[in-house]
Structure formats: structure tokens, C-alpha cells
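Printed here is start_18.pdb (PDB, C-alpha atoms, pLDDT in the B column):
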```
ATOM      1  CA  MET A   1      17.956   7.237   1.262  1.00 56.00           C
ATOM      2  CA  GLN A   2      14.780   8.366   2.993  1.00 68.00           C
ATOM      3  CA  ASN A   3      13.206   9.294  -0.335  1.00 84.00           C
ATOM      4  CA  ALA A   4      14.009   5.896  -1.877  1.00 88.00           C
ATOM      5  CA  LYS A   5      12.490   4.191   1.179  1.00 91.00           C
ATOM      6  CA  SER A   6       9.363   6.387   0.947  1.00 92.00           C
ATOM      7  CA  GLU A   7       9.077   5.760  -2.792  1.00 95.00           C
ATOM      8  CA  GLN A   8       9.178   1.983  -2.262  1.00 96.00           C
ATOM      9  CA  GLU A   9       6.625   2.291   0.559  1.00 96.00           C
ATOM     10  CA  VAL A  10       4.215   4.138  -1.770  1.00 97.00           C
ATOM     11  CA  ILE A  11       4.784   1.609  -4.598  1.00 97.00           C
ATOM     12  CA  ASP A  12       4.051  -1.251  -2.189  1.00 97.00           C
ATOM     13  CA  LEU A  13       0.917   0.494  -0.869  1.00 97.00           C
ATOM     14  CA  SER A  14      -0.314   1.047  -4.410  1.00 97.00           C
ATOM     15  CA  LYS A  15       0.053  -2.679  -5.178  1.00 96.00           C
ATOM     16  CA  GLU A  16      -1.754  -3.553  -1.952  1.00 97.00           C
ATOM     17  CA  LYS A  17      -4.523  -1.081  -2.839  1.00 97.00           C
ATOM     18  CA  TRP A  18      -5.294  -3.016  -6.047  1.00 96.00           C
ATOM     19  CA  ARG A  19      -5.585  -6.209  -3.986  1.00 96.00           C
ATOM     20  CA  TRP A  20      -7.807  -4.532  -1.374  1.00 97.00           C
ATOM     21  CA  MET A  21     -10.039  -3.182  -4.141  1.00 96.00           C
ATOM     22  CA  SER A  22     -10.190  -6.608  -5.819  1.00 95.00           C
ATOM     23  CA  GLU A  23     -11.131  -8.264  -2.514  1.00 96.00           C
ATOM     24  CA  ARG A  24     -13.573  -5.442  -1.653  1.00 95.00           C
ATOM     25  CA  ASN A  25     -11.757  -4.943   1.643  1.00 96.00           C
ATOM     26  CA  ILE A  26     -13.971  -2.019   2.651  1.00 96.00           C
ATOM     27  CA  ASP A  27     -12.609  -1.490   6.184  1.00 97.00           C
ATOM     28  CA  THR A  28      -8.991  -1.272   5.006  1.00 97.00           C
ATOM     29  CA  LEU A  29      -9.926   0.976   2.074  1.00 97.00           C
ATOM     30  CA  ASP A  30     -11.977   3.240   4.330  1.00 97.00           C
ATOM     31  CA  ALA A  31      -8.904   3.869   6.497  1.00 96.00           C
ATOM     32  CA  PHE A  32      -6.621   4.143   3.439  1.00 97.00           C
ATOM     33  CA  PHE A  33      -8.694   6.618   1.381  1.00 98.00           C
ATOM     34  CA  HIS A  34      -8.307  10.201   2.628  1.00 98.00           C
ATOM     35  CA  GLU A  35     -11.614  11.748   3.749  1.00 97.00           C
ATOM     36  CA  LYS A  36     -11.354  14.336   0.941  1.00 98.00           C
ATOM     37  CA  SER A  37     -10.167  11.863  -1.713  1.00 98.00           C
ATOM     38  CA  VAL A  38     -11.411  12.045  -5.304  1.00 98.00           C
ATOM     39  CA  PHE A  39     -11.780   9.343  -7.947  1.00 98.00           C
ATOM     40  CA  VAL A  40     -11.829   9.969 -11.705  1.00 97.00           C
ATOM     41  CA  HIS A  41     -13.159   7.198 -13.958  1.00 94.00           C
ATOM     42  CA  MET A  42     -14.178   6.975 -17.617  1.00 88.00           C
ATOM     43  CA  GLY A  43     -17.777   7.522 -16.488  1.00 88.00           C
ATOM     44  CA  GLY A  44     -17.298  10.475 -14.132  1.00 94.00           C
ATOM     45  CA  ALA A  45     -15.684  11.782 -10.982  1.00 97.00           C
ATOM     46  CA  TRP A  46     -16.757  11.525  -7.353  1.00 98.00           C
ATOM     47  CA  GLY A  47     -15.609  11.437  -3.753  1.00 98.00           C
ATOM     48  CA  LYS A  48     -14.714   8.770  -1.230  1.00 98.00           C
ATOM     49  CA  GLU A  49     -18.248   7.935  -0.110  1.00 97.00           C
ATOM     50  CA  ARG A  50     -19.483   7.106  -3.615  1.00 97.00           C
ATOM     51  CA  GLU A  51     -16.314   5.146  -4.488  1.00 96.00           C
ATOM     52  CA  MET A  52     -16.762   3.064  -1.339  1.00 97.00           C
ATOM     53  CA  GLU A  53     -20.420   2.392  -2.236  1.00 96.00           C
ATOM     54  CA  ILE A  54     -19.443   1.344  -5.776  1.00 94.00           C
ATOM     55  CA  ILE A  55     -16.770  -1.071  -4.514  1.00 95.00           C
ATOM     56  CA  LYS A  56     -19.020  -2.480  -1.783  1.00 94.00           C
ATOM     57  CA  SER A  57     -22.012  -2.988  -4.107  1.00 93.00           C
ATOM     58  CA  GLY A  58     -19.916  -4.427  -6.922  1.00 90.00           C
ATOM     59  CA  GLY A  59     -20.914  -1.592  -9.289  1.00 90.00           C
ATOM     60  CA  ILE A  60     -17.274  -1.778 -10.311  1.00 91.00           C
ATOM     61  CA  HIS A  61     -15.408  -4.909  -9.316  1.00 94.00           C
ATOM     62  CA  TYR A  62     -11.682  -4.354  -9.791  1.00 94.00           C
ATOM     63  CA  LYS A  63     -10.762  -7.977 -10.491  1.00 95.00           C
ATOM     64  CA  LYS A  64      -7.115  -7.708 -11.500  1.00 95.00           C
ATOM     65  CA  ALA A  65      -4.635  -4.954 -12.273  1.00 95.00           C
ATOM     66  CA  ASP A  66      -1.609  -6.069 -14.292  1.00 96.00           C
ATOM     67  CA  ILE A  67       1.026  -3.434 -13.572  1.00 96.00           C
ATOM     68  CA  HIS A  68       3.407  -2.824 -16.477  1.00 96.00           C
ATOM     69  CA  GLU A  69       5.291   0.233 -15.250  1.00 96.00           C
ATOM     70  CA  VAL A  70       5.327   2.282 -12.091  1.00 97.00           C
ATOM     71  CA  SER A  71       7.051   5.510 -11.121  1.00 97.00           C
ATOM     72  CA  VAL A  72       6.748   7.750  -8.102  1.00 97.00           C
ATOM     73  CA  ASN A  73       7.778  11.318  -7.319  1.00 96.00           C
ATOM     74  CA  ILE A  74       7.729  12.628  -3.768  1.00 96.00           C
ATOM     75  CA  ILE A  75       7.288  16.333  -3.159  1.00 95.00           C
ATOM     76  CA  ASP A  76       7.380  17.203   0.550  1.00 94.00           C
ATOM     77  CA  ALA A  77       4.480  15.228   2.109  1.00 95.00           C
ATOM     78  CA  THR A  78       2.886  14.367  -1.258  1.00 97.00           C
ATOM     79  CA  ALA A  79       3.629  11.390  -3.500  1.00 97.00           C
ATOM     80  CA  ILE A  80       2.526  11.194  -7.132  1.00 98.00           C
ATOM     81  CA  LEU A  81       2.536   7.672  -8.502  1.00 98.00           C
ATOM     82  CA  LEU A  82       1.966   6.701 -12.138  1.00 98.00           C
ATOM     83  CA  ASN A  83       0.892   3.161 -12.967  1.00 96.00           C
ATOM     84  CA  SER A  84       0.658   1.804 -16.491  1.00 96.00           C
ATOM     85  CA  ILE A  85      -1.810  -1.062 -16.072  1.00 97.00           C
ATOM     86  CA  THR A  86      -4.181  -3.380 -17.836  1.00 96.00           C
ATOM     87  CA  LEU A  87      -7.286  -3.542 -15.672  1.00 96.00           C
ATOM     88  CA  LEU A  88      -9.700  -6.440 -15.711  1.00 96.00           C
ATOM     89  CA  ALA A  89     -12.945  -5.282 -14.128  1.00 95.00           C
ATOM     90  CA  ILE A  90     -16.629  -6.047 -14.026  1.00 94.00           C
ATOM     91  CA  VAL A  91     -18.612  -2.913 -14.756  1.00 90.00           C
ATOM     92  CA  GLY A  92     -22.404  -3.087 -14.786  1.00 85.00           C
ATOM     93  CA  GLY A  93     -22.243  -6.885 -15.001  1.00 89.00           C
ATOM     94  CA  ASN A  94     -19.889  -6.920 -18.017  1.00 92.00           C
ATOM     95  CA  GLU A  95     -16.278  -8.032 -17.833  1.00 95.00           C
ATOM     96  CA  VAL A  96     -14.019  -5.461 -19.482  1.00 94.00           C
ATOM     97  CA  THR A  97     -10.269  -5.090 -19.942  1.00 95.00           C
ATOM     98  CA  ASN A  98      -8.770  -1.651 -20.500  1.00 94.00           C
ATOM     99  CA  PRO A  99      -5.260  -0.216 -20.697  1.00 95.00           C
ATOM    100  CA  PHE A 100      -4.924   2.726 -18.298  1.00 96.00           C
ATOM    101  CA  MET A 101      -2.391   5.193 -17.062  1.00 97.00           C
ATOM    102  CA  VAL A 102      -3.463   5.609 -13.453  1.00 97.00           C
ATOM    103  CA  THR A 103      -2.417   8.684 -11.501  1.00 98.00           C
ATOM    104  CA  GLU A 104      -2.411   8.172  -7.750  1.00 98.00           C
ATOM    105  CA  VAL A 105      -1.769  11.040  -5.360  1.00 98.00           C
ATOM    106  CA  TYR A 106      -0.866  10.236  -1.769  1.00 98.00           C
ATOM    107  CA  VAL A 107      -0.531  12.614   1.174  1.00 98.00           C
ATOM    108  CA  GLN A 108       1.241  11.859   4.403  1.00 96.00           C
ATOM    109  CA  GLN A 109      -1.032  12.244   7.412  1.00 93.00           C
ATOM    110  CA  ASP A 110       0.063  11.326  10.945  1.00 91.00           C
ATOM    111  CA  GLY A 111       3.067   9.472   9.506  1.00 91.00           C
ATOM    112  CA  LYS A 112       0.947   7.323   7.161  1.00 95.00           C
ATOM    113  CA  TRP A 113       0.335   7.611   3.430  1.00 97.00           C
ATOM    114  CA  LYS A 114      -3.309   8.139   2.479  1.00 98.00           C
ATOM    115  CA  LEU A 115      -4.745   8.004  -1.022  1.00 98.00           C
ATOM    116  CA  ALA A 116      -5.990  11.474  -1.986  1.00 98.00           C
ATOM    117  CA  SER A 117      -6.698  10.977  -5.690  1.00 98.00           C
ATOM    118  CA  LEU A 118      -7.067   8.061  -8.091  1.00 98.00           C
ATOM    119  CA  SER A 119      -7.513   8.958 -11.769  1.00 98.00           C
ATOM    120  CA  PHE A 120      -7.886   6.554 -14.667  1.00 96.00           C
ATOM    121  CA  THR A 121      -6.790   7.738 -18.125  1.00 96.00           C
ATOM    122  CA  ARG A 122      -7.610   5.188 -20.797  1.00 94.00           C
ATOM    123  CA  LEU A 123      -4.769   4.615 -23.232  1.00 92.00           C
ATOM    124  CA  LEU A 124      -5.554   4.363 -26.937  1.00 86.00           C
ATOM    125  CA  THR A 125      -3.921   0.977 -27.446  1.00 70.00           C
ATOM    126  CA  PRO A 126      -2.388  -1.627 -25.144  1.00 52.00           C
ATOM    127  CA  GLU A 127       0.884  -1.393 -27.104  1.00 54.00           C
ATOM    128  CA  GLN A 128       1.450   2.150 -25.799  1.00 48.00           C
ATOM    129  CA  HIS A 129       2.687   0.996 -22.444  1.00 46.00           C
ATOM    130  CA  GLN A 130       5.376  -1.197 -23.952  1.00 48.00           C
ATOM    131  CA  ASN A 131       7.642   1.879 -24.446  1.00 43.00           C
TER     132      ASN A 131
END
```
What would you get if you wrote out this structure as C-alpha cells?
Amino acid sequence: MQNAKSEQEVIDLSKEKWRWMSERNIDTLDAFFHEKSVFVHMGGAWGKEREMEIIKSGGIHYKKADIHEVSVNIIDATAILLNSITLLAIVGGNEVTNPFMVTEVYVQQDGKWKLASLSFTRLLTPEQHQN
């Protein structure tokens, strides 16, 4: 049962993360993102510091993530979560909606889950996540 409880905890944290990103809750995100975390977007890849700057400045404003499917696998102290989402965001002043498969990797540190990696893979068509 411990694994099922941990899986639900990670799923809940992932949902909260989208809200924190939408609200630009920098203090919570700073504690939640692992110091060595990496972020992969359509426009490049970078570390925690740059992601925090982008969220704070509004360079990318994650307005709303509609989650269609979610799955999580826990391996020792690592959780790999897959989210099929439609993301509404403001990027460079333009509102855009994209279908993504988002890979989130969490590591357990001092009894808490921390986000270690967030990778966006754009899906070809929105219909693909209706499988």
C-alpha cells in the first residue's frame, strides 16, 4: 500500500505544481524544485535558476494545464510521472495552446518529493491523447 500512497502523493503534488506555476508562486516553487533540476521546453533546456526567472518575469505564464491522463511509476526514491495535458500559456506576449506529454521526475529528499526534471514533448495532434 505504501507505493499506492506515494503514487497518489506525487500525482497530487504534480497537480499543485501546475497551480503554483499558474499563480507564479515563486517561494513555493523554489522549495519544490530540486537545486539541480532541469527543464526542457520547445525552445530549449535550462536549470532551476533560469526557469524561476522565466516564471517570475512572465516570460512563460503557465495559465492552465488541462490534465487528460496521468500515470506514475516509483523506482526506489525516484518517481516518474507522465501527464498528457493541453497547456494554455502566454509565451512572449502571445497566448498559445499546445498538447503535451509532460515527463516529470521526482526524487525523495529528506522525506519530501522534489521536482528534478520537467520535460515538455509536444504531441502532433490533440486527438492523440484521447487513446
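Each of A:Gln8, A:Ser57, A:Asn3, A:Gln108 was checked against A:Ser71 using all atoms listed in the file; the smallest atom-to-atom distance is that of A:Gln8.
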The PyMOL selection byres ((chain A and resi 107) around 10) resolved against shown file, as a list in words:
His34, Ile74, Ile75, Asp76, Ala77, Thr78, Ala79, Ile80, Val105, Tyr106, Gln108, Gln109, Asp110, Gly111, Lys112, Trp113, Lys114, Leu115, Ala116 and Ser117 of chain A
How far is it from atom CA of A:Val72 to atom CA of A:Phe100, in Å with one decimal?
16.3 Å
Which residue gives the smallest distance to A:Leu29 among A:Asn73, A:Ser14, A:Ser6, A:Asn98, with only C-alpha atoms counted?
A:Ser14
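Interatomic distance, atom CA of A:Leu123 against atom CA of A:Glu49: 27.0 Å.
A straight line drawn from atom CA of A:Val96 to atom CA of A:Ala31 is 28.1 Å long.
When all atoms listed in the file are used to measure the gap to A:Thr103, the shortest distance among A:Leu124, A:Gly58, A:His41, A:Ala89 belongs to A:His41.
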Extract, using only C-alpha atoms, all DNA, RNA and protein residues at most 12 Å from A:Ala45, discarding same-chain residues fewer than 4 positions from it, and format them as a PyMOL selection string.
chain A and resi 37-41+49-51+117-120
Evaluated on this file, the PyMOL selection byres ((chain A and resi 18) around 12) picks out some residues - which ones are they, written as a PyMOL selection string?
chain A and resi 11-17+19-25+28-29+32+55+61-67+83+85-89+102+104+118
Closest of A:Ile54, A:Leu81, A:Gly59, A:Lys48 to A:Glu9, counting all atoms listed in the file, is A:Leu81
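Shortest separation to A:Leu82 among A:Ile26, A:Ile60, A:Met101, A:Met42 occurs at residue A:Met101, atoms counted being only C-alpha atoms.
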